[in-house]
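Taking it in order: structure first as structure tokens, then the write-up.
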Amino acid sequence: MQIAEVISFLCNFAAPFFTLLPLEANPESLLFIPNGELRLVRSLLLHSTVGSLILQINMRHRQIYRISFRMAQRFSSIHSEARNTDEVFVIENIQQMKFNDRIIQPQFMTLCLCKQGCADFVLNGVAHHMEEGDLLLLFVDCILEKVQCSSDLVATVLVQEMEFVQETLMSMLRLWPFLIHLMRQPILHLTAEAQERVRLNYELLSLRLRQPQHTFRREALVASLQAAYFDVCDLLRRQGIGVQPTSVRAFSIFEQFIRILSKEYVKHRDVSWYANELTITSKYLSDAVKMVSGRTASSWINVFVMTEIKSMLRNTDLNIKEIAEELHFPNQSLLGKYFRKYAAMTPSEYRKV
């Protein structure tokens, strides 16, 4: 699959987001900026796509099991007590699950409250530990692997179909910066009071799911889910989670730069080439990109190229010369020098590690 195919701002509501990106939007200030809501939504989608691009490079030579909302529904009806609609369901008491060392990519959004026991897993390349009283938020298209659950794990899980999530959250302007934070830090450690609030939200959603004859059942579900997200983001705010504003023009440049980079990084590694494509100077490009992401344009180029090289070294049988040819390096020696500069080891040493 080509990396360019991963870019789908409107189809992929929220994909993985690496910790190398800073928070970038201020909910209060955006309320007073024309089209602020649209820009904030695009900001979340852009941050999601950047992380997704890097993960796709990392994972595209490995087998990933994509789990659709319907597959999750069928699994839940067999293994757990679940309450369903065609767009959302709650698993009241999910216990031990067998992941069989698979790498999975859910095509839905999940809220998981751990009631007992613990679990260790790697999410989007980062190791996490969840224990009793923790709330876990999994976004659409995240990459989940190396899952190890304790034998006494008990958790309640809310699973939401992607389009339903989009409809629920698109109008909730002030929540989006906090959702960006949750992409970076998906586990929220809850106090006893906060656990009770989350439990009550789950109970209300379960009640709505048990009312199929309710005239406004779907609307009530949307309202209940919105209230649940408001509570989660309120908990973040109470913990002092802050966000910073950024330039509209800088964001636009960053967005265009990432779009071009995702298609051209194999062939082009000079900042000047991308600046020419955007009809701006190299300095202006780097300053704008750094303002939004905390990294310079050259740093982003190196992130994409190094991720590609490492993925090919780990997951293919291509020799160094063949990798150099694939990535349009003039020769094997220059690829080796480039790799050593950023990895502090040779490609051969990295492949052995």
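Each chain in the structure tokens gets a letter, A, B and so on, in the order shown; residues start at 1 in every chain, and ligands are counted from 1 in the order they appear.
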Skip Val126 (chain A) itself and residues of its chain fewer than 2 positions away, then list as a VMD selection string all residues within 10 Å of it, counting only C-alpha atoms. chain A and resid 18 to 19 121 to 124 128 143 to 145 184 to 185
Contacts of Leu113 (chain A) within 7 Å, only C-alpha atoms, excl. fewer than 2 positions in-chain, as a PyMOL selection string: chain A and resi 111+115+133-136+155-157
Emit the selected residues as a PDB file, in the first residue's frame, including N, CA and C atoms.
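Writing done, so here's selection_11.pdb:
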ATOM      1  N   LEU A 111     -13.975   3.146  24.562  1.00  0.00           N
ATOM      2  CA  LEU A 111     -13.726   3.618  25.925  1.00  0.00           C
ATOM      3  C   LEU A 111     -13.757   2.401  26.830  1.00  0.00           C
ATOM      4  N   LYS A 115     -12.030  -2.240  35.900  1.00  0.00           N
ATOM      5  CA  LYS A 115     -12.632  -2.368  37.226  1.00  0.00           C
ATOM      6  C   LYS A 115     -11.798  -3.230  38.166  1.00  0.00           C
ATOM      7  N   GLY A 133      -9.261   1.172  38.012  1.00  0.00           N
ATOM      8  CA  GLY A 133      -9.565   2.591  38.134  1.00  0.00           C
ATOM      9  C   GLY A 133      -9.109   3.424  36.956  1.00  0.00           C
ATOM     10  N   ASP A 134      -8.472   2.812  35.960  1.00  0.00           N
ATOM     11  CA  ASP A 134      -8.009   3.557  34.791  1.00  0.00           C
ATOM     12  C   ASP A 134      -9.061   3.548  33.685  1.00  0.00           C
ATOM     13  N   LEU A 135      -9.088   4.640  32.923  1.00  0.00           N
ATOM     14  CA  LEU A 135      -9.952   4.750  31.748  1.00  0.00           C
ATOM     15  C   LEU A 135      -9.060   4.829  30.518  1.00  0.00           C
ATOM     16  N   LEU A 136      -9.298   3.942  29.569  1.00  0.00           N
ATOM     17  CA  LEU A 136      -8.500   3.870  28.341  1.00  0.00           C
ATOM     18  C   LEU A 136      -9.349   4.314  27.158  1.00  0.00           C
ATOM     19  N   ALA A 155     -13.369  -5.536  32.977  1.00  0.00           N
ATOM     20  CA  ALA A 155     -13.486  -4.185  32.421  1.00  0.00           C
ATOM     21  C   ALA A 155     -14.816  -4.027  31.707  1.00  0.00           C
ATOM     22  N   THR A 156     -15.316  -2.799  31.702  1.00  0.00           N
ATOM     23  CA  THR A 156     -16.499  -2.440  30.935  1.00  0.00           C
ATOM     24  C   THR A 156     -16.055  -1.652  29.718  1.00  0.00           C
ATOM     25  N   VAL A 157     -16.593  -2.010  28.553  1.00  0.00           N
ATOM     26  CA  VAL A 157     -16.112  -1.437  27.302  1.00  0.00           C
ATOM     27  C   VAL A 157     -17.273  -0.835  26.519  1.00  0.00           C
TER      28      VAL A 157
END
Can you tell me which residues surround region 198-200 of chain A at a distance of at most 9 Å, considering only C-alpha atoms, apart from same-chain residues fewer than 4 positions away, and format the answer as a list in words?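 What passes the distance filter is Leu113, Leu135, Glu193, Ala194, Leu204, Leu205, Ala228, Asp231 and Val232 of chain A.
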Pairwise distance for CA of Met130 (chain A) and CA of Arg74 (chain A), rounded to one decimal in Å: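 So the two atoms, CA of Met130 (chain A) and CA of Arg74 (chain A), lie 25.3 Å apart.
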